[in-house]
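S.K.: Data: run_33.cif, mmCIF, C-alpha atoms and all ligand atoms; chains and numbers go by the auth columns.
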data_query
#
loop_
_atom_site.group_PDB
_atom_site.id
_atom_site.type_symbol
_atom_site.label_atom_id
_atom_site.label_comp_id
_atom_site.label_asym_id
_atom_site.label_seq_id
_atom_site.Cartn_x
_atom_site.Cartn_y
_atom_site.Cartn_z
_atom_site.B_iso_or_equiv
_atom_site.auth_seq_id
_atom_site.auth_asym_id
ATOM 1 C CA MET A 1 1.252 6.023 -13.078 0.00 1 K
ATOM 2 C CA SER A 2 1.978 3.093 -10.764 0.00 2 K
ATOM 3 C CA GLN A 3 5.698 2.539 -10.311 0.00 3 K
ATOM 4 C CA LEU A 4 8.146 0.113 -8.753 0.00 4 K
ATOM 5 C CA THR A 5 11.626 1.260 -7.743 0.00 5 K
ATOM 6 C CA VAL A 6 14.075 -1.235 -6.264 0.00 6 K
ATOM 7 C CA PHE A 7 17.123 -0.264 -4.238 0.00 7 K
ATOM 8 C CA ASN A 8 19.848 -2.123 -2.419 0.00 8 K
ATOM 9 C CA ASP A 9 19.118 -1.352 1.237 0.00 9 K
ATOM 10 C CA GLN A 10 22.591 0.195 1.633 0.00 10 K
ATOM 11 C CA ALA A 11 22.304 2.443 -1.434 0.00 11 K
ATOM 12 C CA PRO A 12 19.339 4.829 -1.279 0.00 12 K
ATOM 13 C CA ASN A 13 20.798 7.061 -4.015 0.00 13 K
ATOM 14 C CA SER A 14 20.989 4.589 -6.867 0.00 14 K
ATOM 15 C CA ALA A 15 17.975 2.573 -7.935 0.00 15 K
ATOM 16 C CA LEU A 16 18.665 -0.930 -9.258 0.00 16 K
ATOM 17 C CA LEU A 17 15.449 -0.942 -11.243 0.00 17 K
ATOM 18 C CA LYS A 18 12.568 1.356 -12.054 0.00 18 K
ATOM 19 C CA SER A 19 9.430 0.289 -13.874 0.00 19 K
ATOM 20 C CA THR A 20 5.973 1.623 -14.635 0.00 20 K
ATOM 21 C CA ASP A 21 4.950 -1.542 -16.483 0.00 21 K
ATOM 22 C CA ALA A 22 2.202 -3.177 -14.403 0.00 22 K
ATOM 23 C CA ASN A 23 3.126 -6.691 -15.542 0.00 23 K
ATOM 24 C CA LYS A 24 6.773 -6.181 -14.618 0.00 24 K
ATOM 25 C CA ILE A 25 5.793 -4.710 -11.257 0.00 25 K
ATOM 26 C CA LYS A 26 3.606 -7.750 -10.629 0.00 26 K
ATOM 27 C CA GLN A 27 6.385 -10.158 -11.654 0.00 27 K
ATOM 28 C CA HIS A 28 9.103 -8.542 -9.553 0.00 28 K
ATOM 29 C CA LEU A 29 6.890 -8.409 -6.483 0.00 29 K
ATOM 30 C CA ALA A 30 5.642 -11.977 -6.947 0.00 30 K
ATOM 31 C CA GLN A 31 9.279 -13.134 -6.766 0.00 31 K
ATOM 32 C CA VAL A 32 9.426 -11.866 -3.191 0.00 32 K
ATOM 33 C CA GLY A 33 5.969 -13.107 -2.178 0.00 33 K
ATOM 34 C CA VAL A 34 4.090 -9.843 -2.604 0.00 34 K
ATOM 35 C CA ASN A 35 0.851 -9.809 -4.567 0.00 35 K
ATOM 36 C CA PHE A 36 0.186 -6.833 -6.855 0.00 36 K
ATOM 37 C CA GLU A 37 -2.898 -6.585 -9.063 0.00 37 K
ATOM 38 C CA GLN A 38 -4.690 -3.987 -11.136 0.00 38 K
ATOM 39 C CA TRP A 39 -8.474 -4.017 -11.131 0.00 39 K
ATOM 40 C CA GLN A 40 -10.779 -2.487 -13.670 0.00 40 K
ATOM 41 C CA THR A 41 -12.006 0.684 -12.023 0.00 41 K
ATOM 42 C CA GLY A 42 -14.787 1.627 -14.444 0.00 42 K
ATOM 43 C CA GLN A 43 -16.827 4.607 -13.383 0.00 43 K
ATOM 44 C CA ALA A 44 -15.124 7.380 -11.428 0.00 44 K
ATOM 45 C CA ILE A 45 -15.402 7.330 -7.661 0.00 45 K
ATOM 46 C CA THR A 46 -16.505 10.630 -6.172 0.00 46 K
ATOM 47 C CA SER A 47 -15.743 11.998 -2.719 0.00 47 K
ATOM 48 C CA SER A 48 -19.406 11.921 -1.813 0.00 48 K
ATOM 49 C CA MET A 49 -19.870 8.243 -2.658 0.00 49 K
ATOM 50 C CA ALA A 50 -20.959 6.099 0.301 0.00 50 K
ATOM 51 C CA HIS A 51 -18.458 3.491 1.445 0.00 51 K
ATOM 52 C CA THR A 52 -21.082 0.769 1.008 0.00 52 K
ATOM 53 C CA ASP A 53 -21.467 1.812 -2.647 0.00 53 K
ATOM 54 C CA ILE A 54 -17.696 1.634 -3.147 0.00 54 K
ATOM 55 C CA LEU A 55 -17.628 -1.871 -1.658 0.00 55 K
ATOM 56 C CA SER A 56 -20.515 -3.053 -3.819 0.00 56 K
ATOM 57 C CA ARG A 57 -18.834 -1.624 -6.924 0.00 57 K
ATOM 58 C CA TYR A 58 -15.897 -4.022 -6.397 0.00 58 K
ATOM 59 C CA GLN A 59 -17.737 -6.890 -4.745 0.00 59 K
ATOM 60 C CA GLU A 60 -16.482 -9.651 -7.056 0.00 60 K
ATOM 61 C CA ASP A 61 -12.804 -8.781 -6.707 0.00 61 K
ATOM 62 C CA ILE A 62 -13.262 -8.217 -2.978 0.00 62 K
ATOM 63 C CA ALA A 63 -14.879 -11.647 -2.536 0.00 63 K
ATOM 64 C CA ARG A 64 -12.034 -13.303 -4.451 0.00 64 K
ATOM 65 C CA VAL A 65 -9.304 -11.607 -2.396 0.00 65 K
ATOM 66 C CA GLN A 66 -11.168 -12.382 0.844 0.00 66 K
ATOM 67 C CA ALA A 67 -11.487 -16.059 -0.089 0.00 67 K
ATOM 68 C CA ASP A 68 -7.825 -16.336 -1.182 0.00 68 K
ATOM 69 C CA GLY A 69 -6.419 -14.691 1.938 0.00 69 K
ATOM 70 C CA GLY A 70 -9.044 -15.663 4.498 0.00 70 K
ATOM 71 C CA TYR A 71 -9.777 -12.004 5.248 0.00 71 K
ATOM 72 C CA GLN A 72 -12.782 -11.751 7.518 0.00 72 K
ATOM 73 C CA THR A 73 -13.562 -8.064 7.165 0.00 73 K
ATOM 74 C CA VAL A 74 -13.125 -5.179 4.738 0.00 74 K
ATOM 75 C CA ASP A 75 -13.581 -1.471 5.200 0.00 75 K
ATOM 76 C CA VAL A 76 -12.969 1.777 3.334 0.00 76 K
ATOM 77 C CA ILE A 77 -10.628 4.528 4.465 0.00 77 K
ATOM 78 C CA ALA A 78 -10.759 7.934 2.798 0.00 78 K
ATOM 79 C CA LEU A 79 -8.542 10.985 3.224 0.00 79 K
ATOM 80 C CA GLU A 80 -9.188 14.238 1.413 0.00 80 K
ATOM 81 C CA ARG A 81 -6.631 16.962 0.660 0.00 81 K
ATOM 82 C CA GLY A 82 -6.274 19.724 3.228 0.00 82 K
ATOM 83 C CA ASN A 83 -6.700 17.443 6.240 0.00 83 K
ATOM 84 C CA PRO A 84 -5.518 19.400 9.326 0.00 84 K
ATOM 85 C CA ASP A 85 -4.148 16.169 10.867 0.00 85 K
ATOM 86 C CA ALA A 86 -2.218 15.193 7.719 0.00 86 K
ATOM 87 C CA ALA A 87 1.266 15.474 9.256 0.00 87 K
ATOM 88 C CA GLN A 88 0.274 13.389 12.274 0.00 88 K
ATOM 89 C CA LEU A 89 -1.434 10.747 10.124 0.00 89 K
ATOM 90 C CA ARG A 90 1.583 10.553 7.832 0.00 90 K
ATOM 91 C CA GLU A 91 3.946 9.926 10.756 0.00 91 K
ATOM 92 C CA LYS A 92 1.899 6.953 11.962 0.00 92 K
ATOM 93 C CA PHE A 93 3.310 4.532 9.384 0.00 93 K
ATOM 94 C CA LEU A 94 6.378 6.426 8.152 0.00 94 K
ATOM 95 C CA PHE A 95 8.877 4.331 10.125 0.00 95 K
ATOM 96 C CA GLU A 96 9.886 0.765 9.404 0.00 96 K
ATOM 97 C CA HIS A 97 7.409 -1.609 11.052 0.00 97 K
ATOM 98 C CA THR A 98 5.730 -4.990 10.796 0.00 98 K
ATOM 99 C CA HIS A 99 2.255 -6.342 11.498 0.00 99 K
ATOM 100 C CA ASN A 100 1.184 -9.784 12.653 0.00 100 K
ATOM 101 C CA GLU A 101 -1.128 -9.944 9.685 0.00 101 K
ATOM 102 C CA ASP A 102 -1.092 -9.088 5.995 0.00 102 K
ATOM 103 C CA GLU A 103 -1.537 -5.455 4.980 0.00 103 K
ATOM 104 C CA VAL A 104 -3.829 -5.554 1.958 0.00 104 K
ATOM 105 C CA ARG A 105 -4.953 -2.352 0.278 0.00 105 K
ATOM 106 C CA PHE A 106 -6.847 -1.568 -2.900 0.00 106 K
ATOM 107 C CA PHE A 107 -6.602 2.032 -4.090 0.00 107 K
ATOM 108 C CA VAL A 108 -9.989 3.219 -5.268 0.00 108 K
ATOM 109 C CA LYS A 109 -8.700 6.770 -5.665 0.00 109 K
ATOM 110 C CA GLY A 110 -5.533 8.781 -5.015 0.00 110 K
ATOM 111 C CA GLN A 111 -2.182 7.231 -4.165 0.00 111 K
ATOM 112 C CA GLY A 112 0.270 6.018 -1.542 0.00 112 K
ATOM 113 C CA LEU A 113 3.868 4.764 -1.453 0.00 113 K
ATOM 114 C CA PHE A 114 4.552 1.341 0.048 0.00 114 K
ATOM 115 C CA CYS A 115 8.210 0.667 0.870 0.00 115 K
ATOM 116 C CA LEU A 116 9.021 -2.975 1.555 0.00 116 K
ATOM 117 C CA HIS A 117 12.296 -4.121 3.095 0.00 117 K
ATOM 118 C CA ILE A 118 12.837 -7.694 1.928 0.00 118 K
ATOM 119 C CA ASP A 119 16.237 -9.361 2.326 0.00 119 K
ATOM 120 C CA ASP A 120 18.800 -6.713 1.305 0.00 120 K
ATOM 121 C CA LYS A 121 16.444 -4.781 -1.004 0.00 121 K
ATOM 122 C CA ILE A 122 13.933 -1.961 -0.702 0.00 122 K
ATOM 123 C CA TYR A 123 10.913 -2.218 -2.998 0.00 123 K
ATOM 124 C CA GLN A 124 9.124 1.095 -3.315 0.00 124 K
ATOM 125 C CA VAL A 125 5.695 0.637 -4.843 0.00 125 K
ATOM 126 C CA LEU A 126 3.744 3.728 -5.822 0.00 126 K
ATOM 127 C CA CYS A 127 0.150 2.506 -5.706 0.00 127 K
ATOM 128 C CA GLN A 128 -2.494 4.480 -7.525 0.00 128 K
ATOM 129 C CA GLN A 129 -6.128 4.142 -8.509 0.00 129 K
ATOM 130 C CA GLY A 130 -6.882 0.534 -9.466 0.00 130 K
ATOM 131 C CA ASP A 131 -3.883 -1.042 -7.688 0.00 131 K
ATOM 132 C CA LEU A 132 -4.054 -3.749 -5.048 0.00 132 K
ATOM 133 C CA ILE A 133 -1.035 -4.651 -2.928 0.00 133 K
ATOM 134 C CA SER A 134 -0.765 -7.418 -0.326 0.00 134 K
ATOM 135 C CA VAL A 135 2.145 -7.039 2.061 0.00 135 K
ATOM 136 C CA PRO A 136 2.621 -10.397 3.821 0.00 136 K
ATOM 137 C CA ALA A 137 2.507 -10.544 7.611 0.00 137 K
ATOM 138 C CA ASN A 138 5.826 -9.776 9.335 0.00 138 K
ATOM 139 C CA THR A 139 7.323 -8.037 6.269 0.00 139 K
ATOM 140 C CA ALA A 140 9.272 -4.927 7.334 0.00 140 K
ATOM 141 C CA HIS A 141 7.819 -1.912 5.541 0.00 141 K
ATOM 142 C CA TRP A 142 6.765 1.713 5.781 0.00 142 K
ATOM 143 C CA PHE A 143 4.013 3.684 4.082 0.00 143 K
ATOM 144 C CA ASP A 144 4.036 7.270 2.883 0.00 144 K
ATOM 145 C CA MET A 145 0.763 9.035 2.141 0.00 145 K
ATOM 146 C CA GLY A 146 2.558 12.306 1.265 0.00 146 K
ATOM 147 C CA SER A 147 2.374 15.781 2.786 0.00 147 K
ATOM 148 C CA ASP A 148 -1.159 16.485 1.538 0.00 148 K
ATOM 149 C CA PRO A 149 -2.672 12.993 1.368 0.00 149 K
ATOM 150 C CA GLU A 150 -5.551 12.099 -0.858 0.00 150 K
ATOM 151 C CA PHE A 151 -6.658 8.521 -1.158 0.00 151 K
ATOM 152 C CA THR A 152 -9.601 6.204 -0.795 0.00 152 K
ATOM 153 C CA ALA A 153 -8.619 2.601 -0.151 0.00 153 K
ATOM 154 C CA ILE A 154 -10.325 -0.680 0.610 0.00 154 K
ATOM 155 C CA ARG A 155 -8.611 -2.499 3.491 0.00 155 K
ATOM 156 C CA PHE A 156 -8.766 -6.230 4.155 0.00 156 K
ATOM 157 C CA PHE A 157 -8.333 -7.658 7.645 0.00 157 K
ATOM 158 C CA ASN A 158 -7.888 -11.062 9.246 0.00 158 K
ATOM 159 C CA ASN A 159 -8.292 -9.463 12.620 0.00 159 K
ATOM 160 C CA GLU A 160 -8.708 -5.715 12.726 0.00 160 K
ATOM 161 C CA ALA A 161 -7.782 -5.542 16.412 0.00 161 K
ATOM 162 C CA GLY A 162 -4.446 -7.253 15.714 0.00 162 K
ATOM 163 C CA TRP A 163 -3.464 -4.728 13.078 0.00 163 K
ATOM 164 C CA VAL A 164 -0.888 -2.849 15.129 0.00 164 K
ATOM 165 C CA ALA A 165 2.371 -1.389 13.773 0.00 165 K
ATOM 166 C CA GLN A 166 5.376 -2.856 15.555 0.00 166 K
ATOM 167 C CA SER A 167 8.470 -0.743 15.029 0.00 167 K
ATOM 168 C CA THR A 168 11.684 -2.448 13.922 0.00 168 K
ATOM 169 C CA ASN A 169 13.585 0.378 15.690 0.00 169 K
ATOM 170 C CA SER A 170 15.418 1.168 12.470 0.00 170 K
ATOM 171 C CA ASP A 171 15.771 4.633 10.916 0.00 171 K
ATOM 172 C CA ILE A 172 16.058 3.218 7.399 0.00 172 K
ATOM 173 C CA ALA A 173 12.833 4.910 6.270 0.00 173 K
ATOM 174 C CA THR A 174 14.519 8.308 6.694 0.00 174 K
ATOM 175 C CA GLN A 175 17.238 7.363 4.179 0.00 175 K
ATOM 176 C CA PHE A 176 15.034 6.640 1.166 0.00 176 K
ATOM 177 C CA PRO A 177 13.011 8.935 -1.105 0.00 177 K
ATOM 178 C CA LEU A 178 9.452 9.717 -0.034 0.00 178 K
ATOM 179 C CA LEU A 179 6.356 10.629 -1.982 0.00 179 K
ATOM 180 C CA ASP A 180 7.096 14.373 -1.873 0.00 180 K
HETATM 181 FE FE FE B . 1.973 -1.134 7.806 0.00 201 W
#
Output the structure of this file as structure tokens.
Ligand SMILES: [Fe+2]

M.R.:
Amino acid sequence: MSQLTVFNDQAPNSALLKSTDANKIKQHLAQVGVNFEQWQTGQAITSSMAHTDILSRYQEDIARVQADGGYQTVDVIALERGNPDAAQLREKFLFEHTHNEDEVRFFVKGQGLFCLHIDDKIYQVLCQQGDLISVPANTAHWFDMGSDPEFTAIRFFNNEAGWVAQSTNSDIATQFPLLD
């Protein structure tokens, strides 16, 4: 179940708030400029499904999000359990970083933990199948895909080439709970 946990950034051991109510998650995140939505997922997505079929399945929602955010391109990223490079892939975004552009992800399948550092709070958002999150450009955050990642996600880009993780040189991500 999708979940939001909010911490003070100095107190990783005591959550200020925990909610699995999608409307509450949406409300809390909207207050800090983060968009969270749940889409109707309908028919199950299988591992063998072509990425073009996944994109056409959600074409109306995709078109709306693209128009709202001015996202030029979308793609699909898929990771299956048992990936031999899992540890390396996990490390790639497991430190606090920013991007020059929004990080927008829709989870078609599986899950991932977005951790957003906004003002003096940490917002940990467990995104699962059917969840869309838009992390605004220049928001400090980290992402945990877990030790044995499994997810299929649609990604939205303003400029794919500009989507580089810039470290904040903080070790804060090591102080907070991870996915497993
Ligand atoms: Fe990121």

S.K.: If we count all atoms listed in the file and set the cut-off at 7 Å, which residues sit around Thr152 (chain K), ignoring sequence neighbours fewer than 4 positions away in its own chain? Please answer as a ChimeraX atom specification.

M.R.: /K:76-79,107-110

S.K.: At a cut-off of 8 Å and counting only C-alpha atoms and all ligand atoms, what residues surround ligand FE 201 (chain W)? Please answer as number ranges by chain.

M.R.: K: 93, 97-99, 103, 141-143, 165

S.K.: In file coordinates, which residues lie within 6 Å of (10.8, -5.2, -4.8) using only C-alpha atoms, given as a PyMOL selection string?

M.R.: chain K and resi 6+29+123

S.K.: With C-alpha atoms retained, export the selected residues as a PDB file, keeping the file's coordinate frame.

M.R.:
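This is the output file result.pdb:
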ATOM      1  CA  VAL K   6      14.075  -1.235  -6.264  1.00  0.00           C
ATOM      2  CA  LEU K  29       6.890  -8.409  -6.483  1.00  0.00           C
ATOM      3  CA  TYR K 123      10.913  -2.218  -2.998  1.00  0.00           C
TER       4      TYR K 123
END

S.K.: Selected by the PyMOL selection byres (((chain K and resi 71) around 6) and not hetatm) in the shown coordinates: which residues, as a PyMOL selection string?

M.R.: chain K and resi 66+69-70+72-73+156-158

S.K.: From the options K:Val135, K:Ile118, K:Ala173, K:Leu126, which residue's atoms come nearest to Glu101 (chain K), counting all atoms listed in the file?

M.R.: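 Checking each of K:Val135, K:Ile118, K:Ala173, K:Leu126 against Glu101 (chain K), counting all atoms listed in the file, the winner is K:Val135.
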
S.K.: Specify as a list in words each residue included when the PyMOL selection byres (((chain K and resi 83) around 12) and not hetatm) is applied to this file.

M.R.: Ala78, Leu79, Glu80, Arg81, Gly82, Pro84, Asp85, Ala86, Ala87, Gln88, Leu89, Arg90, Met145, Gly146, Ser147, Asp148, Pro149, Glu150 and Phe151 of chain K

S.K.: Pick from K:Gln128, K:Thr168, K:Gln10, K:Gln175: nearest to Glu96 (chain K), with all atoms listed in the file counted?

M.R.: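 Smallest distance to Glu96 (chain K) is found for K:Thr168.
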
S.K.: State, in Å with one decimal place, the distance from CA of Val125 (chain K) to CA of Ala153 (chain K).

M.R.: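 A separation of 15.2 Å between them.
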
S.K.: Out of K:Leu4, K:Ala50, K:Val65, K:Ile45, which residue has the shortest atom-to-atom distance to His28 (chain K) when counting all atoms listed in the file?

M.R.: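 Under the stated criterion, the closest residue is K:Leu4.
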
S.K.: Can you work out which one of K:Leu116, K:Ala11, K:Pro177, K:Gln129 has the shortest atom-to-atom distance to Gln43 (chain K), counting all atoms listed in the file?

M.R.: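 With all atoms listed in the file as the atom set, the closest residue is K:Gln129.
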
S.K.: Between CA of Asp144 (chain K) and CA of Ile62 (chain K), measure the distance and give it in Å to one decimal.

M.R.: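 Taking CA of Asp144 (chain K) and CA of Ile62 (chain K), their separation equals 23.9 Å.
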
S.K.: Would you compute the distance between CA of Lys26 (chain K) and CA of Arg57 (chain K)? Give it in Å to one decimal.

M.R.: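 Rounded to one decimal, the two atoms are 23.6 Å apart.
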
S.K.: Go through region 55-136 of chain K and flag each residue having an atom no more than 6 Å from region 30-36 of chain K; for those, report the closest pair of atoms plus their distance in Å to one decimal, using only C-alpha atoms, ordered by chain and rising number, as CSV.

M.R.:
residue,atom,partner,partner_atom,distance
K:Leu132,CA,K:Phe36,CA,5.5
K:Ile133,CA,K:Phe36,CA,4.7
K:Ser134,CA,K:Asn35,CA,5.1
K:Val135,CA,K:Val34,CA,5.8

S.K.: From the coordinates supplied, region 131-152 of chain K should be written with C-alpha atoms, as an mmCIF file, in the first residue's frame.

M.R.:
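Okay, this is what ended up in result_37.cif:
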data_model
loop_
_atom_site.group_PDB
_atom_site.id
_atom_site.type_symbol
_atom_site.label_atom_id
_atom_site.label_comp_id
_atom_site.auth_asym_id
_atom_site.auth_seq_id
_atom_site.Cartn_x
_atom_site.Cartn_y
_atom_site.Cartn_z
ATOM 1 C CA ASP K 131 1.095 6.007 -8.249
ATOM 2 C CA LEU K 132 2.517 9.048 -9.995
ATOM 3 C CA ILE K 133 4.939 11.393 -8.246
ATOM 4 C CA SER K 134 6.426 14.629 -9.593
ATOM 5 C CA VAL K 135 9.492 15.833 -7.734
ATOM 6 C CA PRO K 136 10.075 19.474 -8.734
ATOM 7 C CA ALA K 137 13.414 20.480 -10.232
ATOM 8 C CA ASN K 138 16.123 21.309 -7.672
ATOM 9 C CA THR K 139 14.348 19.490 -4.808
ATOM 10 C CA ALA K 140 16.882 17.567 -2.691
ATOM 11 C CA HIS K 141 15.890 13.902 -2.642
ATOM 12 C CA TRP K 142 17.044 10.304 -2.816
ATOM 13 C CA PHE K 143 15.434 7.178 -4.222
ATOM 14 C CA ASP K 144 15.567 3.631 -2.918
ATOM 15 C CA MET K 145 14.610 0.746 -5.186
ATOM 16 C CA GLY K 146 15.407 -1.841 -2.473
ATOM 17 C CA SER K 147 17.902 -4.703 -2.358
ATOM 18 C CA ASP K 148 16.060 -6.829 -4.932
ATOM 19 C CA PRO K 149 14.321 -4.197 -7.067
ATOM 20 C CA GLU K 150 11.235 -4.883 -9.079
ATOM 21 C CA PHE K 151 9.460 -2.067 -10.823
ATOM 22 C CA THR K 152 8.212 -0.858 -14.160
#
